Structures are given as C-alpha cells and as structure tokens.
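A.B. asks: Quick one, start-v1.txt (compact mmCIF, C-alpha atoms):
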# COMPACT_ATOMS: atom_id res chain seq x y z
CA GLY A 229 51.82 17.50 -34.55
CA GLU A 230 53.38 14.66 -36.45
CA ASP A 231 51.15 12.84 -38.90
CA VAL A 232 51.70 11.09 -42.21
CA GLU A 233 48.65 10.09 -44.18
CA GLN A 234 48.22 7.71 -47.07
CA SER A 235 45.31 6.16 -48.90
CA LEU A 236 44.87 2.58 -47.71
CA PHE A 237 44.40 0.66 -50.92
CA LEU A 238 45.26 0.82 -54.63
CA SER A 239 44.42 -1.70 -57.34
CA VAL A 240 46.09 -1.59 -60.77
CA ARG A 241 46.34 -3.75 -63.84
CA GLU A 242 49.67 -5.38 -64.63
CA GLY A 243 51.69 -3.16 -66.97
CA ASP A 244 49.94 0.05 -65.93
CA SER A 245 51.53 2.76 -63.79
CA SER A 246 50.78 2.98 -60.07
CA VAL A 247 50.75 6.24 -58.16
CA ILE A 248 50.77 6.16 -54.37
CA ASN A 249 50.21 9.44 -52.57
CA CYS A 250 51.21 10.68 -49.14
CA THR A 251 50.86 13.89 -47.13
CA TYR A 252 53.10 14.82 -44.23
CA THR A 253 53.12 17.58 -41.65
CA ASP A 254 56.70 18.38 -40.62
CA SER A 255 58.14 20.90 -43.05
CA SER A 256 61.56 20.54 -41.42
CA SER A 257 61.92 16.90 -42.51
CA THR A 258 65.28 16.50 -44.21
CA TYR A 259 64.48 13.32 -46.08
CA LEU A 260 61.27 11.61 -47.15
CA TYR A 261 61.23 7.89 -47.74
CA TRP A 262 59.30 5.14 -49.45
CA TYR A 263 59.50 1.65 -47.96
CA LYS A 264 58.05 -1.60 -49.27
CA GLN A 265 56.83 -4.43 -47.05
CA GLU A 266 55.90 -7.85 -48.38
CA PRO A 267 53.84 -10.29 -46.30
CA GLY A 268 55.70 -11.56 -43.25
CA ALA A 269 58.77 -9.45 -44.02
CA GLY A 270 60.51 -6.37 -42.67
CA LEU A 271 60.85 -3.02 -44.39
CA GLN A 272 62.77 -2.61 -47.63
CA LEU A 273 63.91 0.91 -48.48
CA LEU A 274 62.78 1.61 -52.04
CA THR A 275 63.90 5.17 -52.50
CA TYR A 276 64.19 8.49 -50.74
CA ILE A 277 64.28 12.14 -51.67
CA PHE A 278 66.12 15.02 -50.07
CA SER A 279 63.82 17.84 -49.06
CA ASN A 280 65.39 20.36 -51.43
CA MET A 281 64.57 18.23 -54.48
CA ASP A 282 61.36 18.16 -56.49
CA MET A 283 61.81 14.86 -58.25
CA LYS A 284 63.94 11.75 -58.17
CA GLN A 285 63.92 8.93 -60.67
CA ASP A 286 65.35 5.48 -60.05
CA GLN A 287 64.62 2.91 -62.77
CA ARG A 288 60.85 2.26 -62.64
CA LEU A 289 60.37 4.50 -59.61
CA THR A 290 59.68 8.23 -59.71
CA VAL A 291 59.28 10.29 -56.54
CA LEU A 292 57.66 13.70 -56.69
CA LEU A 293 57.81 16.14 -53.80
CA ASN A 294 55.64 19.23 -53.42
CA LYS A 295 56.99 21.00 -50.33
CA LYS A 296 54.41 23.76 -50.46
CA ASP A 297 51.55 21.28 -50.13
CA LYS A 298 53.60 18.75 -48.10
CA HIS A 299 52.68 16.10 -50.67
CA LEU A 300 54.83 13.17 -51.72
CA SER A 301 54.06 10.62 -54.41
CA LEU A 302 55.60 7.40 -55.67
CA ARG A 303 55.02 6.35 -59.26
CA ILE A 304 55.83 2.79 -60.30
CA ALA A 305 56.01 2.38 -64.06
CA ASP A 306 55.07 -0.90 -65.75
CA THR A 307 53.70 -2.35 -62.51
CA GLN A 308 54.32 -6.08 -62.10
CA THR A 309 52.73 -8.72 -59.87
CA GLY A 310 55.93 -8.71 -57.82
CA ASP A 311 55.18 -5.11 -56.89
CA SER A 312 52.16 -6.26 -54.86
CA ALA A 313 52.95 -5.21 -51.30
CA ILE A 314 52.31 -2.51 -48.72
CA TYR A 315 54.09 0.78 -49.36
CA PHE A 316 54.93 3.12 -46.51
CA CYS A 317 55.72 6.78 -46.76
CA ALA A 318 57.92 8.13 -43.93
CA GLU A 319 59.25 11.52 -42.93
CA SER A 320 62.42 12.03 -40.93
CA GLY A 321 61.67 13.57 -37.55
CA TYR A 322 64.33 14.26 -34.97
CA ASN A 323 66.33 11.03 -34.78
CA LYS A 324 63.35 8.95 -35.87
CA LEU A 325 61.09 8.12 -38.79
CA ILE A 326 57.37 8.84 -38.76
CA PHE A 327 55.44 6.41 -40.91
CA GLY A 328 52.07 6.48 -42.54
CA ALA A 329 49.68 3.54 -42.14
CA GLY A 330 50.70 2.14 -45.52
CA THR A 331 49.05 1.70 -48.92
CA ARG A 332 48.30 -1.84 -50.00
CA LEU A 333 49.02 -2.18 -53.72
CA ALA A 334 47.23 -5.05 -55.50
CA VAL A 335 48.32 -5.85 -59.06
CA HIS A 336 45.92 -7.90 -61.16
CA PRO A 337 46.32 -9.39 -64.64
CA ASP B 294 78.45 -7.95 -44.91
CA ALA B 295 75.45 -8.87 -42.76
CA GLY B 296 72.66 -6.38 -42.51
CA VAL B 297 70.58 -5.84 -39.39
CA THR B 298 69.82 -9.17 -37.74
CA GLN B 299 67.11 -9.80 -35.19
CA SER B 300 66.27 -12.77 -33.01
CA PRO B 301 64.09 -14.62 -32.52
CA THR B 302 61.96 -14.34 -35.65
CA HIS B 303 58.79 -15.43 -33.87
CA LEU B 304 57.82 -15.59 -30.22
CA ILE B 305 54.67 -16.55 -28.31
CA LYS B 306 54.14 -15.34 -24.75
CA THR B 307 51.24 -15.10 -22.34
CA ARG B 308 49.88 -12.03 -20.60
CA GLY B 309 51.98 -10.84 -17.69
CA GLN B 310 55.19 -12.45 -18.90
CA GLN B 311 58.36 -10.64 -19.84
CA VAL B 312 60.16 -10.80 -23.19
CA THR B 313 63.60 -9.86 -24.53
CA LEU B 314 64.21 -9.24 -28.21
CA ARG B 315 67.68 -8.91 -29.68
CA CYS B 316 69.23 -6.92 -32.50
CA SER B 317 72.66 -6.78 -34.11
CA PRO B 318 73.18 -3.64 -36.19
CA LYS B 319 74.65 -3.53 -39.65
CA SER B 320 78.42 -3.61 -39.63
CA GLY B 321 79.84 -0.15 -38.96
CA HIS B 322 76.63 1.24 -37.48
CA ASP B 323 76.56 2.60 -33.94
CA THR B 324 72.94 3.69 -33.47
CA VAL B 325 70.00 1.35 -32.97
CA SER B 326 66.32 2.23 -32.98
CA TRP B 327 63.33 0.06 -32.20
CA TYR B 328 59.89 0.28 -33.79
CA GLN B 329 56.60 -1.46 -33.07
CA GLN B 330 54.34 -2.33 -35.98
CA ALA B 331 50.86 -3.45 -34.99
CA LEU B 332 48.77 -5.34 -37.53
CA GLY B 333 47.53 -3.06 -40.30
CA GLN B 334 49.52 -0.05 -39.11
CA GLY B 335 52.78 1.67 -39.86
CA PRO B 336 55.79 1.26 -37.56
CA GLN B 337 55.81 3.42 -34.42
CA PHE B 338 59.08 4.65 -32.89
CA ILE B 339 59.82 3.17 -29.46
CA PHE B 340 63.30 4.47 -28.65
CA GLN B 341 66.83 4.99 -29.91
CA TYR B 342 70.17 4.00 -28.39
CA TYR B 343 73.69 5.14 -29.03
CA GLU B 344 76.77 5.21 -26.82
CA GLU B 345 74.93 2.65 -24.68
CA GLU B 346 72.27 5.11 -23.55
CA GLU B 347 68.65 5.75 -24.47
CA ARG B 348 68.69 9.04 -26.35
CA GLN B 349 65.12 9.53 -27.49
CA ARG B 350 61.86 7.85 -26.67
CA GLY B 351 58.48 7.64 -28.35
CA ASN B 352 55.10 7.43 -26.65
CA PHE B 353 55.55 4.04 -24.98
CA PRO B 354 55.14 3.14 -21.28
CA ASP B 355 58.01 2.29 -18.96
CA ARG B 356 57.23 -1.40 -19.43
CA PHE B 357 59.29 -1.01 -22.59
CA SER B 358 62.99 -0.74 -21.85
CA GLY B 359 66.19 -1.39 -23.70
CA HIS B 360 69.88 -1.77 -23.57
CA GLN B 361 72.84 -1.26 -25.87
CA TYR B 362 76.09 -3.13 -25.45
CA PRO B 363 79.64 -1.91 -26.21
CA ASN B 364 79.55 -3.85 -29.51
CA TYR B 365 76.46 -1.76 -30.45
CA SER B 366 74.04 -4.69 -30.30
CA SER B 367 70.79 -3.96 -28.53
CA GLU B 368 67.95 -5.55 -26.61
CA LEU B 369 64.33 -4.57 -26.23
CA ASN B 370 62.63 -5.72 -23.04
CA VAL B 371 58.90 -5.63 -22.44
CA ASN B 372 57.55 -6.39 -18.96
CA ALA B 373 54.02 -7.36 -17.89
CA LEU B 374 52.96 -8.18 -21.42
CA LEU B 375 49.50 -7.17 -22.59
CA LEU B 376 47.50 -8.58 -25.46
CA GLY B 377 47.98 -5.25 -27.21
CA ASP B 378 51.74 -5.74 -27.25
CA SER B 379 51.28 -8.32 -30.02
CA ALA B 380 53.08 -6.83 -32.99
CA LEU B 381 56.08 -7.00 -35.30
CA TYR B 382 59.07 -5.41 -33.56
CA LEU B 383 61.57 -3.91 -35.95
CA CYS B 384 65.14 -2.90 -35.25
CA ALA B 385 66.91 -0.34 -37.40
CA SER B 386 70.49 0.88 -37.41
CA ARG B 387 72.55 3.70 -38.85
CA LEU B 388 75.83 5.53 -38.36
CA ARG B 389 74.94 8.51 -36.21
CA ALA B 390 77.47 11.02 -37.46
CA THR B 391 76.20 10.78 -41.02
CA ASN B 392 72.97 11.35 -42.88
CA GLU B 393 72.99 7.73 -43.92
CA LYS B 394 69.57 6.15 -44.14
CA LEU B 395 68.18 3.64 -41.68
CA PHE B 396 68.54 -0.06 -42.39
CA PHE B 397 65.81 -2.30 -40.98
CA GLY B 398 65.93 -5.89 -39.85
CA SER B 399 63.23 -8.42 -40.72
CA GLY B 400 61.66 -8.10 -37.31
CA THR B 401 60.47 -10.29 -34.46
CA GLN B 402 56.80 -11.25 -34.55
CA LEU B 403 55.55 -11.29 -30.97
CA SER B 404 52.20 -12.89 -30.15
CA VAL B 405 50.77 -12.41 -26.66
CA LEU B 406 48.01 -14.86 -25.72
What is this structure when it is put down as structure tokens?
C.D. replies:
Amino acid sequence: GEDVEQSLFLSVREGDSSVINCTYTDSSSTYLYWYKQEPGAGLQLLTYIFSNMDMKQDQRLTVLLNKKDKHLSLRIADTQTGDSAIYFCAESGYNKLIFGAGTRLAVHP
Amino acid sequence: DAGVTQSPTHLIKTRGQQVTLRCSPKSGHDTVSWYQQALGQGPQFIFQYYEEEERQRGNFPDRFSGHQYPNYSSELNVNALLLGDSALYLCASRLRATNEKLFFGSGTQLSVL
C-alpha cells in the first residue's frame, strides 16, 4: 500500500540544525519531495531528490535518501524563525504525489 | 509569468449545496491535478486531468467531479456538500510529457456549515 509517515512535531532553537525524517513505502518512486506550508498558504516546493541519488544539497537544505530503508530526511542548517512551518514529505506515485501528514517545525529563540 | 492561480480563495457553503472551484495552470502546463487537504493532514489526491479528460482518480466519491477546458484551465465540482468536505483544495499543474515537478496554487479554503 501507499503510506508516507512523518513525526508530527519538532522544536529547535534558532541557529541550530533541524532534521525532519520521513519513511515511504513505494520503492518505485522516481522522485521524493519536501514541501513547506506556512499558515494559510499553499505548498511551496523546497527541494526534491531523484531516486538514484543519496544526497542533495541546496544552500541551507540537505536531503538524504536511504533507498534500502525507504528513509528520507531534510536537514535545515542554521534554522531561523522564518523556517517555522509545516514540512511535508511526498513520494511520486503514478501520476500523483502521496504526502505524509506533515511535521510542524517550531523555532524558538 | 503567473504561476498556478485558484479562485476563489475562500468560500462558505451549507450542507447539501454544490460548489465549483477554479484553477488556471502555470503557463505552458497541460496537466492539472486536484488535492484535498483537511485540517492537520497532508494533501490527498482527488483526480488528474489532461487532454480534457479525467485520467486518474483517488479514493473520492462521485460527488467530486471535474472538468478541463481547451485552454487547460480546470474546475472541481462537489455536489451535496458534507461537513467533512471542509478543507483546503489545492490545484497543481505540470507539463505531462516531462518529468517536471508539480507547481501548486495557494488553494481555496472551503468551509461547509
């Protein structure tokens, strides 16, 4: 079956690194995505990784993919208050995206 | 270059009514998908349209229907609204023949009273 799971909540201090984890089930997913959603807003694509890659770095964001364990993580370096939001992991099913329930990231001073 | 635009941004309806939500895809995109995001949950796939036909459907009842026009814009219709239909409805578009990622609109917040 299709299922993407994430922890629901993460709290970090400003300036620290945040790591958001996700597990997925479909090993045939071509791409895996991280989206950010701020209150009252739609989805903003943060980054994505092709399934044949292990790691992708994009400025403060690092995505790690472990295909064997079907585990995806998003690391945000030097986390800022503006990073407070809900982060969704998604896998690409056939012609659609399958999302997790989202991880709420709270950044405190 | 406008991204994906949706209208209206907010809507209030009562149980049993019907609603139509609208979406204009990003310029150059020919495929539109609709997602429902209930409060506290991740988006759930409703259906996808290209070449003016529904091509794939998620686990939603027939009360949910759609349409795609020759200019690639799309509508989502929901009949006989239930309280549980209250959600953020997101439209996403892409160019089908590529592996280009999905672009999402800001959504329509539907409240059913």
A.B. asks: Give the answer as one residue: which of A:Cys250, A:Ile326, A:Val291, A:Val335 has the shortest atom-to-atom distance to chain B, using all atoms listed in the file?
C.D. replies: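 Closest residue, counting all atoms listed in the file: A:Ile326.
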A.B. asks: Excluding Gln265 in chain A and residues on its chain fewer than 6 positions from it, collect all residues at most 6 Å away from it, counting all atoms listed in the file, and give them as an mmCIF file with C-alpha atoms, in the coordinates of the input.
C.D. replies:
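Everything below was put into result_4.cif:
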data_model
loop_
_atom_site.group_PDB
_atom_site.id
_atom_site.type_symbol
_atom_site.label_atom_id
_atom_site.label_comp_id
_atom_site.auth_asym_id
_atom_site.auth_seq_id
_atom_site.Cartn_x
_atom_site.Cartn_y
_atom_site.Cartn_z
ATOM 1 C CA LEU A 271 60.850 -3.020 -44.390
ATOM 2 C CA ALA A 313 52.950 -5.210 -51.300
ATOM 3 C CA ILE A 314 52.310 -2.510 -48.720
#
A.B. asks: So how far away is CA of Leu375 in chain B from CA of Leu332 in chain B, in Å?
C.D. replies: 15.1 Å
A.B. asks: Given all atoms listed in the file as the basis, pick out the residue of B:Pro354, B:Gly333, B:Pro301, B:Gly321 nearest to chain A.
C.D. replies: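 Answer, going by the shortest atom-to-atom distance: B:Gly333.
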A.B. asks: Should the cut-off be 6 Å, what would the residue list for chain A against chain B look like, counting only C-alpha atoms, as a list in words?
C.D. replies: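 Therefore, the residues near the partner are Ala269, Gly270, Phe327, Gly328 and Ala329 of chain A.
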A.B. asks: Residues near Tyr343 in chain B, anyone? I mean within 8 Å using all atoms listed in the file, not counting same-chain ones fewer than 3 positions away, as an MDAnalysis selection string.
C.D. replies: chainID B and resid 323:325 346:348 361 365
A.B. asks: If you count all atoms listed in the file, which residues fall within 7 Å of Thr298 in chain B, apart from same-chain ones fewer than 3 positions away, as a list in words?
C.D. replies: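 Near neighbours after the sequence-gap exclusion: Cys316, Ser317, Pro318 and Gly398 of chain B.
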A.B. asks: Got a sec: who's within 6 Å of range 274-289 of chain A, counting only C-alpha atoms, leaving out chain neighbours fewer than 4 positions off, as a PDB file with C-alpha atoms, in the coordinates of the input?
C.D. replies:
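Contents of part.pdb, freshly written:
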ATOM      1  CA  THR A 258      65.280  16.500 -44.210  1.00  0.00           C
ATOM      2  CA  TYR A 259      64.480  13.320 -46.080  1.00  0.00           C
ATOM      3  CA  LEU A 260      61.270  11.610 -47.150  1.00  0.00           C
ATOM      4  CA  TYR A 261      61.230   7.890 -47.740  1.00  0.00           C
ATOM      5  CA  TRP A 262      59.300   5.140 -49.450  1.00  0.00           C
ATOM      6  CA  TYR A 263      59.500   1.650 -47.960  1.00  0.00           C
ATOM      7  CA  LEU A 293      57.810  16.140 -53.800  1.00  0.00           C
ATOM      8  CA  ARG A 303      55.020   6.350 -59.260  1.00  0.00           C
ATOM      9  CA  ILE A 304      55.830   2.790 -60.300  1.00  0.00           C
ATOM     10  CA  ALA A 305      56.010   2.380 -64.060  1.00  0.00           C
TER      11      ALA A 305
END
A.B. asks: Provide an axis-aligned box for all listed atoms of range 310-320 of chain A, padding each side by 6 Å; report its centre and its edge lengths in Å to one decimal, as JSON.
C.D. replies:
{"center_x": 57.3, "center_y": 1.7, "center_z": -49.4, "size_x": 22.3, "size_y": 32.7, "size_z": 28.9}
A.B. asks: Of the residues B:Glu345, B:Ala295, B:His322, B:Phe353, which is the one nearest to Asp378 in chain B, using all atoms listed in the file?
C.D. replies: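 Answer, going by the shortest atom-to-atom distance: B:Phe353.
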A.B. asks: Ranking B:Ser358, B:Ser300, B:Ser366, B:Gly377 by minimum distance to Leu406 in chain B and counting all atoms listed in the file, which one comes first?
C.D. replies: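 Smallest distance to Leu406 in chain B is found for B:Gly377.
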A.B. asks: Pick out the closest residue to Gln308 in chain A from this set: A:Leu325, A:Ile248, A:Leu273, A:Val240. Count only C-alpha atoms.
C.D. replies: A:Val240
A.B. asks: Grab the CA of His336 in chain A to CA of Glu266 in chain A distance for me, in Å with one decimal place.
C.D. replies: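 CA of Glu266 in chain A lies 16.2 Å from CA of His336 in chain A.
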A.B. asks: Between CA of Val405 in chain B and CA of Val297 in chain B, what is the distance, to one decimal in Å?
C.D. replies: 24.4 Å
A.B. asks: What lies within 8 Å of Gln310 in chain B using only C-alpha atoms, ignoring chain neighbours under 6 positions off, as an MDAnalysis selection string?
C.D. replies: chainID B and resid 372:374
A.B. asks: Within 12 Å of (55.2, 26.1, -49.3), in the coordinates the file gives, what residues turn up when you count only C-alpha atoms, written out as a PyMOL selection string?
C.D. replies: chain A and resi 253-256+279-280+293-299
